file start02.txt (compact mmCIF, C-alpha atoms)
# COMPACT_ATOMS: atom_id res chain seq x y z
CA MET R 328 -3.42 47.24 -48.38
CA ASN R 329 -4.75 50.62 -49.41
CA VAL R 330 -5.52 51.55 -45.83
CA LEU R 331 -1.96 50.64 -44.89
CA MET R 332 -0.39 52.13 -48.02
CA LYS R 333 1.08 55.06 -46.15
CA ASN R 334 3.16 52.60 -44.12
CA CYS R 335 4.28 50.37 -46.97
CA ASP R 336 7.21 52.61 -47.88
CA GLU R 337 8.85 52.24 -44.50
CA ILE R 338 8.52 48.45 -44.32
CA PRO R 339 11.65 47.54 -46.34
CA LYS R 340 13.68 49.92 -44.20
CA LEU R 341 12.31 48.51 -40.96
CA PHE R 342 12.85 44.96 -42.17
CA SER R 343 16.39 45.76 -43.28
CA LEU R 344 17.15 47.05 -39.78
CA ASP R 345 15.51 43.94 -38.34
CA LEU R 346 17.77 41.72 -40.44
CA ASP R 347 20.75 43.53 -38.91
CA GLN R 348 19.24 43.26 -35.43
CA ALA R 349 19.15 47.02 -35.25
CA LEU R 350 15.38 47.43 -34.91
CA ASP R 351 13.87 48.28 -31.54
CA ASP R 352 10.80 46.54 -30.09
CA THR R 353 8.42 49.31 -31.14
CA GLY R 354 9.59 49.14 -34.71
CA ARG R 355 9.43 45.35 -34.74
CA SER R 356 5.86 45.25 -33.49
CA ARG R 357 4.89 47.89 -36.07
CA LEU R 358 6.57 45.79 -38.75
CA ASN R 359 4.86 42.58 -37.67
CA ARG R 360 1.44 44.23 -37.44
CA HIS R 361 1.84 45.59 -40.95
CA LEU R 362 3.04 42.30 -42.41
CA THR R 363 0.06 40.47 -40.95
CA ASP R 364 -2.31 42.71 -42.86
CA CYS R 365 -0.39 43.50 -46.07
CA SER R 366 0.27 40.55 -48.35
CA ASP R 367 2.24 42.63 -50.86
CA CYS R 368 4.73 43.75 -48.23
CA ALA R 369 4.83 40.21 -46.81
CA SER R 370 5.83 38.93 -50.24
CA LEU R 371 8.48 41.62 -50.64
CA VAL R 372 9.87 40.95 -47.20
CA ALA R 373 10.01 37.22 -47.94
CA HIS R 374 12.17 38.00 -50.98
CA MET R 375 14.33 40.34 -48.92
CA ARG R 376 14.82 37.52 -46.45
CA ALA R 377 15.72 35.20 -49.33
CA VAL R 378 18.32 37.69 -50.56
CA ASP R 379 19.69 37.96 -47.04
CA ARG R 380 20.02 34.17 -46.69
CA LEU R 381 21.56 33.81 -50.12
CA PHE R 382 24.22 36.41 -49.33
CA ARG R 383 24.79 35.25 -45.78
CA ASN R 384 25.54 31.71 -46.98
CA ALA R 385 27.78 32.81 -49.83
CA PRO R 386 31.40 31.76 -49.30
CA MET R 387 34.36 34.15 -49.38
CA LYS R 388 36.30 34.12 -52.65
CA TYR R 389 39.94 33.38 -51.99
CA ALA R 390 42.86 35.01 -53.75
CA PRO R 391 44.64 32.69 -56.19
CA LEU R 392 47.89 30.92 -55.33
CA GLY R 393 50.99 33.07 -55.57
CA PHE R 394 48.98 36.27 -55.25
CA THR R 395 50.99 37.63 -52.32
CA GLU R 396 54.32 37.41 -54.13
CA ARG R 397 52.90 38.95 -57.28
CA ALA R 398 51.25 41.80 -55.38
CA VAL R 399 54.37 42.55 -53.31
CA THR R 400 56.57 42.52 -56.43
CA ALA R 401 54.12 44.79 -58.25
CA ALA R 402 54.04 47.23 -55.31
CA PHE R 403 57.82 47.42 -54.95
CA ASP R 404 58.33 47.68 -58.72
CA ALA R 405 55.79 50.50 -58.95
CA GLU R 406 57.47 52.29 -56.04
CA LEU R 407 60.89 51.88 -57.67
CA ARG R 408 59.59 53.22 -60.99
CA ARG R 409 58.04 56.18 -59.20
CA ASN R 410 61.23 56.95 -57.30
CA VAL R 411 63.38 56.65 -60.39
CA GLY R 412 60.99 59.07 -62.09
CA VAL R 413 61.30 61.50 -59.18
CA GLY R 414 65.09 61.04 -59.12
CA LEU R 415 65.37 61.72 -62.83
CA GLY R 416 63.16 64.76 -62.37
CA ILE R 417 65.49 66.06 -59.65
CA LEU R 418 68.49 65.33 -61.85
CA LEU R 419 66.90 67.20 -64.72
CA MET R 420 66.07 70.15 -62.47
CA GLY R 421 69.62 70.20 -61.14
CA THR R 422 71.02 70.12 -64.66
CA VAL R 423 68.71 72.93 -65.76
CA MET R 424 69.69 75.02 -62.72
CA ILE R 425 73.40 74.47 -63.29
CA GLY R 426 72.99 75.19 -66.98
CA SER R 427 71.05 78.37 -66.21
CA LEU R 428 73.69 79.57 -63.73
CA PHE R 429 76.36 78.87 -66.32
CA LEU R 430 74.50 80.74 -69.05
CA LEU R 431 73.84 83.67 -66.70
CA GLY R 432 77.51 83.77 -65.84
CA ARG R 433 76.77 83.17 -62.14
CA ILE R 434 78.49 79.85 -61.76
CA ASP R 435 80.19 81.32 -58.68
CA VAL R 436 76.93 80.76 -56.79
CA LEU R 437 77.11 77.07 -57.50
CA TRP R 438 80.80 77.04 -56.70
CA THR R 439 80.17 78.63 -53.30
CA VAL R 440 77.38 76.25 -52.40
CA LEU R 441 79.21 73.14 -53.55
CA SER R 442 82.44 74.28 -51.91
CA ALA R 443 80.59 74.65 -48.64
CA LEU R 444 79.36 71.10 -49.05
CA VAL R 445 82.46 69.30 -50.31
CA SER R 446 85.45 71.42 -49.23
CA PRO R 447 85.28 72.39 -45.54
CA GLY R 448 88.53 74.32 -45.76
CA PHE R 449 87.42 76.66 -48.55
CA LEU R 450 87.03 79.66 -46.21
CA ASN R 451 90.79 79.70 -45.57
CA SER R 452 91.47 79.76 -49.30
CA VAL R 453 89.52 82.96 -49.81
CA GLY R 454 91.50 84.72 -47.06
CA VAL R 455 88.82 86.07 -44.72
CA TRP R 456 89.67 87.39 -41.28
CA ALA R 457 88.98 85.34 -38.16
CA ASN R 458 85.87 87.27 -37.00
CA GLU R 459 84.41 87.35 -40.45
CA ALA R 460 85.23 83.70 -40.81
CA LEU R 461 83.33 82.98 -37.59
CA VAL R 462 80.27 84.85 -38.86
CA ALA R 463 80.58 83.15 -42.22
CA LEU R 464 80.92 79.77 -40.54
CA THR R 465 77.79 80.38 -38.48
CA LEU R 466 75.84 81.37 -41.58
CA ALA R 467 77.28 78.54 -43.60
CA GLY R 468 76.54 76.13 -40.75
CA GLY R 469 72.88 77.15 -40.79
CA ALA R 470 72.69 76.83 -44.54
CA LEU R 471 74.57 73.55 -44.45
CA TRP R 472 72.25 72.19 -41.82
CA SER R 473 69.24 72.96 -44.03
CA VAL R 474 70.88 71.54 -47.12
CA LEU R 475 71.95 68.44 -45.22
CA GLY R 476 68.36 68.00 -44.11
CA VAL R 477 67.31 67.90 -47.73
CA PHE R 478 70.18 65.63 -48.66
CA ARG R 479 69.51 63.32 -45.74
CA THR R 480 65.99 62.81 -47.12
CA LEU R 481 67.33 62.32 -50.61
CA LEU R 482 70.22 60.10 -49.66
CA THR R 483 68.15 57.63 -47.68
CA GLY R 484 65.85 55.17 -49.31
CA PRO R 485 65.29 54.51 -52.98
CA LEU R 486 66.43 58.01 -54.04
CA LEU R 487 70.01 57.11 -53.17
CA VAL R 488 71.15 56.30 -56.70
CA PRO R 489 69.65 59.28 -58.53
CA SER R 490 70.77 61.60 -55.73
CA LEU R 491 74.32 60.36 -55.91
CA ILE R 492 74.31 60.67 -59.69
CA SER R 493 73.04 64.24 -59.36
CA LEU R 494 75.67 65.08 -56.75
CA LEU R 495 78.49 63.51 -58.78
CA ALA R 496 77.32 65.34 -61.89
CA ALA R 497 77.38 68.63 -59.99
CA ILE R 498 80.86 67.93 -58.58
CA PHE R 499 82.13 66.93 -61.99
CA ILE R 500 80.81 70.13 -63.56
CA MET R 501 82.28 72.19 -60.73
CA ARG R 502 85.73 70.60 -61.11
CA PHE R 503 85.55 70.97 -64.88
CA LEU R 504 84.75 74.65 -64.58
CA GLN R 505 87.44 75.09 -61.95
CA ARG R 506 90.06 73.59 -64.28
CA THR R 507 88.78 75.58 -67.25
CA GLY R 508 89.00 78.75 -65.14
CA ALA R 509 92.58 77.90 -64.07
CA ARG R 510 93.61 77.18 -67.66
CA ASP R 511 92.08 80.49 -68.81
CA THR R 512 94.01 82.29 -66.08
CA LEU R 513 97.27 80.64 -67.15
CA SER R 514 96.58 81.43 -70.79
CA ALA R 515 95.97 85.07 -69.89
CA MET E 501 50.87 40.92 -28.68
CA THR E 502 47.47 41.58 -30.26
CA ASP E 503 46.77 41.35 -33.95
CA ILE E 504 46.39 45.13 -34.06
CA ASP E 505 49.82 45.64 -32.50
CA GLN E 506 51.28 43.14 -34.92
CA GLU E 507 49.69 44.99 -37.84
CA LYS E 508 51.12 48.29 -36.62
CA LEU E 509 54.57 46.73 -36.53
CA TRP E 510 54.09 45.43 -40.07
CA VAL E 511 53.01 48.88 -41.24
CA GLU E 512 56.04 50.54 -39.63
CA ALA E 513 58.43 47.97 -41.06
CA ALA E 514 56.80 48.16 -44.51
CA LEU E 515 57.15 51.94 -44.39
CA ALA E 516 60.87 51.45 -43.86
CA GLY E 517 60.94 49.35 -47.03
CA ASN E 518 60.75 45.91 -45.40
CA ARG E 519 59.45 43.54 -48.06
CA VAL E 520 58.69 40.71 -45.65
CA ALA E 521 56.52 42.97 -43.48
CA PHE E 522 54.60 44.20 -46.49
CA ALA E 523 54.14 40.60 -47.65
CA ALA E 524 52.66 39.81 -44.23
CA LEU E 525 50.19 42.69 -44.68
CA VAL E 526 49.24 41.48 -48.14
CA ASP E 527 48.82 37.95 -46.83
CA ALA E 528 46.55 39.15 -44.05
CA TYR E 529 44.25 41.12 -46.34
CA LYS E 530 44.50 39.43 -49.72
CA ASN E 531 41.29 37.40 -49.32
CA PRO E 532 39.00 40.23 -48.12
CA VAL E 533 40.39 42.50 -50.83
CA TYR E 534 40.16 39.86 -53.55
CA ASN E 535 36.63 38.91 -52.47
CA LEU E 536 35.52 42.55 -52.52
CA CYS E 537 37.06 43.06 -55.97
CA TYR E 538 35.47 39.87 -57.28
CA ARG E 539 32.05 40.76 -55.90
CA MET E 540 32.31 44.31 -57.21
CA LEU E 541 33.73 43.52 -60.64
CA GLY E 542 32.33 40.11 -61.38
CA THR E 543 35.21 38.14 -62.91
CA SER E 544 38.22 36.40 -61.41
CA ALA E 545 40.70 37.86 -63.89
CA GLU E 546 39.58 41.44 -63.32
CA ALA E 547 39.40 40.85 -59.58
CA GLU E 548 43.00 39.67 -59.47
CA ASP E 549 44.22 42.67 -61.46
CA ALA E 550 42.23 45.06 -59.33
CA ALA E 551 43.33 43.44 -56.05
CA GLN E 552 46.95 43.71 -57.13
CA GLU E 553 46.47 47.39 -58.00
CA VAL E 554 44.86 47.92 -54.61
CA PHE E 555 48.00 46.65 -52.86
CA VAL E 556 50.19 48.84 -55.06
CA LYS E 557 48.10 51.85 -54.01
CA LEU E 558 48.17 50.68 -50.41
CA TYR E 559 51.97 50.57 -50.42
CA GLN E 560 52.20 54.02 -51.98
CA ARG E 561 49.78 55.48 -49.43
CA LEU E 562 51.07 53.63 -46.40
CA HIS E 563 52.61 56.83 -45.01
CA THR E 564 49.12 58.40 -44.89
CA TYR E 565 47.69 55.59 -42.75
CA ASP E 566 46.34 56.83 -39.43
CA ALA E 567 47.25 54.26 -36.79
CA GLU E 568 44.12 55.18 -34.81
CA ARG E 569 42.01 53.82 -37.63
CA LYS E 570 41.22 50.14 -38.05
CA LEU E 571 43.51 48.78 -40.74
CA ALA E 572 40.81 46.53 -42.25
CA SER E 573 38.52 49.55 -42.79
CA TRP E 574 41.33 51.51 -44.39
CA VAL E 575 42.37 48.66 -46.69
CA LEU E 576 38.81 47.93 -47.81
CA SER E 577 38.19 51.64 -48.24
CA ILE E 578 41.02 51.76 -50.79
CA ALA E 579 39.73 48.58 -52.42
CA SER E 580 36.12 49.75 -52.72
CA HIS E 581 37.09 53.16 -54.10
CA HIS E 582 39.43 51.50 -56.56
CA CYS E 583 36.69 49.15 -57.78
CA ILE E 584 34.19 52.00 -58.08
CA ASP E 585 36.74 53.93 -60.15
CA ARG E 586 37.31 50.89 -62.34
CA LEU E 587 33.60 50.43 -62.85
CA ARG E 588 33.22 54.09 -63.75
CA ARG E 589 36.01 53.80 -66.27
CA ARG E 590 34.53 50.68 -67.70
CA ARG E 591 31.11 52.36 -67.80
CA LEU E 592 29.47 49.14 -66.83
CA LYS E 593 26.51 48.34 -68.94
CA THR E 594 23.84 47.14 -66.51
CA VAL E 595 22.05 43.99 -67.48
CA ASP E 596 18.34 44.30 -68.06
CA ILE E 597 16.17 42.10 -65.88
CA GLU E 598 14.65 40.52 -68.99
CA GLU E 599 18.12 39.65 -70.26
CA MET E 600 18.95 37.70 -67.15
CA PRO E 601 18.51 33.94 -67.24
CA GLU E 602 15.68 32.36 -65.31
CA TRP E 603 16.48 31.25 -61.80
CA GLN E 604 16.24 27.49 -61.74
CA PRO E 605 18.00 26.17 -58.66
CA LEU E 606 18.93 22.52 -58.93
CA VAL E 607 17.36 19.90 -56.73
CA SER E 608 19.60 16.89 -56.43
CA GLU E 609 19.46 13.32 -55.27
CA LYS E 610 23.24 13.04 -54.98
CA PRO E 611 24.26 15.55 -52.33
CA GLN E 612 28.02 15.96 -52.76
CA PRO E 613 28.54 16.85 -56.45
CA GLU E 614 25.21 18.60 -56.65
CA ARG E 615 26.00 20.60 -53.57
CA GLN E 616 29.03 22.03 -55.30
CA LEU E 617 26.97 22.65 -58.41
CA LEU E 618 24.33 24.39 -56.35
CA MET E 619 26.93 26.53 -54.64
CA ASN E 620 28.32 27.54 -58.02
CA GLU E 621 24.83 28.24 -59.25
CA ASN E 622 24.09 30.39 -56.22
CA ASP E 623 27.40 32.18 -56.57
CA GLU E 624 26.63 32.99 -60.18
CA ARG E 625 23.21 34.19 -59.12
CA ILE E 626 24.74 36.42 -56.47
CA GLN E 627 27.00 38.00 -59.06
CA GLN E 628 24.06 38.58 -61.39
CA LEU E 629 22.13 40.21 -58.57
CA LEU E 630 25.09 42.37 -57.52
CA ALA E 631 25.46 43.51 -61.12
CA GLN E 632 22.00 45.04 -60.81
CA LEU E 633 23.21 47.45 -58.17
CA GLU E 634 25.03 50.73 -58.62
CA PRO E 635 28.66 50.35 -57.44
CA GLN E 636 28.12 52.64 -54.47
CA TYR E 637 25.37 50.30 -53.24
CA ARG E 638 27.43 47.18 -53.80
CA ALA E 639 30.36 48.09 -51.58
CA PRO E 640 28.43 48.49 -48.28
CA LEU E 641 26.52 45.29 -48.97
CA ILE E 642 29.70 43.30 -49.61
CA MET E 643 31.41 44.69 -46.52
CA HIS E 644 28.35 43.83 -44.47
CA TYR E 645 27.88 40.27 -45.67
CA TRP E 646 31.40 39.05 -46.37
CA ASN E 647 33.46 41.06 -43.93
CA ASP E 648 30.93 41.19 -41.09
CA PHE E 649 31.39 44.93 -40.90
CA SER E 650 29.11 46.81 -38.51
CA TYR E 651 27.34 49.96 -39.66
CA GLN E 652 30.10 52.03 -38.05
CA GLU E 653 32.87 50.08 -39.75
CA ILE E 654 31.14 50.55 -43.11
CA CYS E 655 30.96 54.29 -42.33
CA ASP E 656 34.73 54.28 -41.68
CA ALA E 657 35.48 52.39 -44.87
CA THR E 658 33.18 54.28 -47.20
CA GLY E 659 33.18 57.74 -45.64
CA LEU E 660 29.39 57.69 -45.54
CA SER E 661 27.26 58.83 -42.63
CA LEU E 662 25.48 56.27 -40.45
CA SER E 663 22.08 57.11 -41.92
CA ALA E 664 23.50 56.85 -45.46
CA VAL E 665 24.90 53.39 -44.72
CA LYS E 666 21.56 52.17 -43.35
CA SER E 667 19.80 53.69 -46.33
CA ARG E 668 22.13 52.09 -48.86
CA LEU E 669 21.83 48.67 -47.26
CA HIS E 670 18.06 48.80 -47.22
CA ARG E 671 17.82 50.17 -50.76
CA ALA E 672 20.22 47.51 -52.01
CA ARG E 673 18.24 44.74 -50.36
CA LEU E 674 14.98 46.20 -51.64
CA LYS E 675 16.31 46.41 -55.18
CA LEU E 676 17.61 42.84 -55.07
CA ALA E 677 14.33 41.57 -53.62
CA GLU E 678 12.41 43.29 -56.40
CA VAL E 679 14.71 41.78 -59.02
CA MET E 680 14.31 38.37 -57.46
CA ARG E 681 10.55 38.74 -57.24
CA ALA E 682 10.33 39.84 -60.87
CA GLN E 683 12.31 36.79 -61.95
CA ALA E 684 10.82 34.20 -59.68
CA PRO E 685 7.68 35.23 -57.83
CA ASP E 686 7.37 31.77 -56.28
CA LEU E 687 11.03 31.65 -55.35
CA ILE E 688 10.65 31.17 -51.64
CA PRO E 689 9.54 27.50 -51.67
CA ILE E 690 12.22 26.71 -54.31
CA MET E 691 14.91 28.36 -52.24
CA ALA E 692 13.83 26.45 -49.17
CA ALA E 693 14.16 23.21 -51.13
CA SER E 694 17.59 24.28 -52.38
CA ARG E 695 18.73 25.07 -48.89
CA GLU E 696 17.59 21.71 -47.64
CA ALA E 697 19.55 20.10 -50.48
CA VAL E 698 22.66 22.02 -49.43
CA GLU E 699 22.22 21.17 -45.79
CA ALA E 700 21.60 17.47 -46.53
call {"tool": "encode", "arguments": {"input": "start02.txt", "output": "structure tokens"}}
result
Amino acid sequence: MNVLMKNCDEIPKLFSLDLDQALDDTGRSRLNRHLTDCSDCASLVAHMRAVDRLFRNAPMKYAPLGFTERAVTAAFDAELRRNVGVGLGILLMGTVMIGSLFLLGRIDVLWTVLSALVSPGFLNSVGVWANEALVALTLAGGALWSVLGVFRTLLTGPLLVPSLISLLAAIFIMRFLQRTGARDTLSA
Amino acid sequence: MTDIDQEKLWVEAALAGNRVAFAALVDAYKNPVYNLCYRMLGTSAEAEDAAQEVFVKLYQRLHTYDAERKLASWVLSIASHHCIDRLRRRRLKTVDIEEMPEWQPLVSEKPQPERQLLMNENDERIQQLLAQLEPQYRAPLIMHYWNDFSYQEICDATGLSLSAVKSRLHRARLKLAEVMRAQAPDLIPIMAASREAVEA
């Protein structure tokens, strides 16, 4: 064995390849020559073969009954929880943004954006001229298209409910502020 | 329609939120995933939990699936990484060779009941042997033996290079052979007798 010691290290690797039928003829003959002369490697290889047979004959473990339904339910529930979390996050962000605009006294920004979304005729109410209205419509159209893109993503799929809640909350706040503003005007 | 086409349709439908399509995907892969989890983790209860978590992850990552890739490789990739993560979290305490029970395969005169007993015994032995391996060595071995994965498919599922896969398989086998030899140096004749008992 000592004479062959330098080859002993490569024997498990060669035999492993041989087990997978990935060893070429040269390698196989080198392996066989070595195993004929080295009893230690022959013993090791015999145990490797035993491991291989043991594993090859081992049956597949099957998933328990009802697993599919449980896994599908778990996946959909987890997805719903995640989407509700995202939806609530969006709602919170929207509330913070509206609150910030209100505190900064720039609620008109929100009013303009929401008006563009929910009241197509708002441009007439602010009395702009036809050319300016055309330019404004083009700009608003571009902005609307982008916003609609975002809303289309939000309004389809499991985000529908939180998105609608967010939108309704925004509309409600807008209308509330509109009425408050009108009342203040009347009072003045 | 081929199985691959069918799977692609299931993936597309599941992405659109179709529960039935996702159930079909789970049904197609539940056994390979459960088997991998069981072989990696060692107990039925933990395997079921882990397999379920794998399908939750799979559903959440379905939009990242590359249709050019073999679905089985992708699914088992998620499963093996999940099990390795679980084992890391658990900080598996490896069993010392001396702590392992002696291998004493049963030789029976009554084939049928004993055959089952022998299969259970062998299965337990397999789990004890697998527990001797580091998780990253277990996964390629399991994919190779139970899923008939080629070297290339194991590369796809594990993200390892071809030479790394060959190396891990040979090191795993070497380690297991050494464990087996340390426990039962004269194992080979006993195993042959056991096999004959199974085949009888």
call {"tool": "interface_residues", "arguments": {"input": "start02.txt", "of": "chain E", "to": "chain R", "cutoff": "7 Å", "atoms": "all atoms listed in the file", "output": "list in words"}}
result
Ala523, Val526, Asp527, Lys530, Asn531, Tyr534, Asn535, Gln552, Phe555, Val556, Tyr559, Gln560, Asp623, Tyr645, Trp646, His670, Arg673, Leu674, Leu676, Ala677, Met680, Arg681 and Ile688 of chain E
call {"tool": "residues_around", "arguments": {"input": "start02.txt", "residues": "Glu507 in chain E", "least_positions_apart": "5", "cutoff": "10 Å", "atoms": "all atoms listed in the file", "output": "ChimeraX atom specification"}}
result
/E:502,512-513,521-522,524-525,528,567,570-571
call {"tool": "atom_distance", "arguments": {"input": "start02.txt", "atom1": "CA of Ala657 in chain E", "atom2": "CA of Asp585 in chain E"}}
result
15.4 Å
call {"tool": "residues_around", "arguments": {"input": "start02.txt", "residues": "Ala639 in chain E", "least_positions_apart": "6", "cutoff": "8 Å", "atoms": "all atoms listed in the file", "output": "ChimeraX atom specification"}}
result
/E:536,540,580
call {"tool": "residues_near_point", "arguments": {"input": "start02.txt", "point": "(9.7, 49.5, -37.5)", "cutoff": "9 Å", "atoms": "only C-alpha atoms", "output": "PDB file with C-alpha atoms, in the frame of the given file"}}
result
ATOM      1  CA  GLU R 337       8.850  52.240 -44.500  1.00  0.00           C
ATOM      2  CA  ILE R 338       8.520  48.450 -44.320  1.00  0.00           C
ATOM      3  CA  LYS R 340      13.680  49.920 -44.200  1.00  0.00           C
ATOM      4  CA  LEU R 341      12.310  48.510 -40.960  1.00  0.00           C
ATOM      5  CA  PHE R 342      12.850  44.960 -42.170  1.00  0.00           C
ATOM      6  CA  LEU R 344      17.150  47.050 -39.780  1.00  0.00           C
ATOM      7  CA  ASP R 345      15.510  43.940 -38.340  1.00  0.00           C
ATOM      8  CA  LEU R 350      15.380  47.430 -34.910  1.00  0.00           C
ATOM      9  CA  ASP R 351      13.870  48.280 -31.540  1.00  0.00           C
ATOM     10  CA  ASP R 352      10.800  46.540 -30.090  1.00  0.00           C
ATOM     11  CA  THR R 353       8.420  49.310 -31.140  1.00  0.00           C
ATOM     12  CA  GLY R 354       9.590  49.140 -34.710  1.00  0.00           C
ATOM     13  CA  ARG R 355       9.430  45.350 -34.740  1.00  0.00           C
ATOM     14  CA  SER R 356       5.860  45.250 -33.490  1.00  0.00           C
ATOM     15  CA  ARG R 357       4.890  47.890 -36.070  1.00  0.00           C
ATOM     16  CA  LEU R 358       6.570  45.790 -38.750  1.00  0.00           C
ATOM     17  CA  ASN R 359       4.860  42.580 -37.670  1.00  0.00           C
TER      18      ASN R 359
END
call {"tool": "atom_distance", "arguments": {"input": "start02.txt", "atom1": "CA of Asp648 in chain E", "atom2": "CA of Leu392 in chain R"}}
result
24.4 Å
call {"tool": "atom_distance", "arguments": {"input": "start02.txt", "atom1": "CA of Lys675 in chain E", "atom2": "CA of Gly542 in chain E"}}
result
18.3 Å
call {"tool": "closest_residue", "arguments": {"input": "start02.txt", "among": "E:Ala516, E:Ala579, E:Val665, E:Ala684", "to": "Lys557 in chain E", "atoms": "all atoms listed in the file"}}
result
E:Ala579
call {"tool": "residues_near_point", "arguments": {"input": "start02.txt", "point": "(32.6, 56.4, -46.3)", "cutoff": "12 Å", "atoms": "all atoms listed in the file", "output": "PyMOL selection string"}}
result
chain E and resi 573-574+576-578+580-581+636-637+639-640+643+651-665+668
call {"tool": "closest_residue", "arguments": {"input": "start02.txt", "among": "E:Val520, E:Val533, E:Thr564, E:Ala572", "to": "Asp503 in chain E", "atoms": "all atoms listed in the file"}}
result
E:Ala572
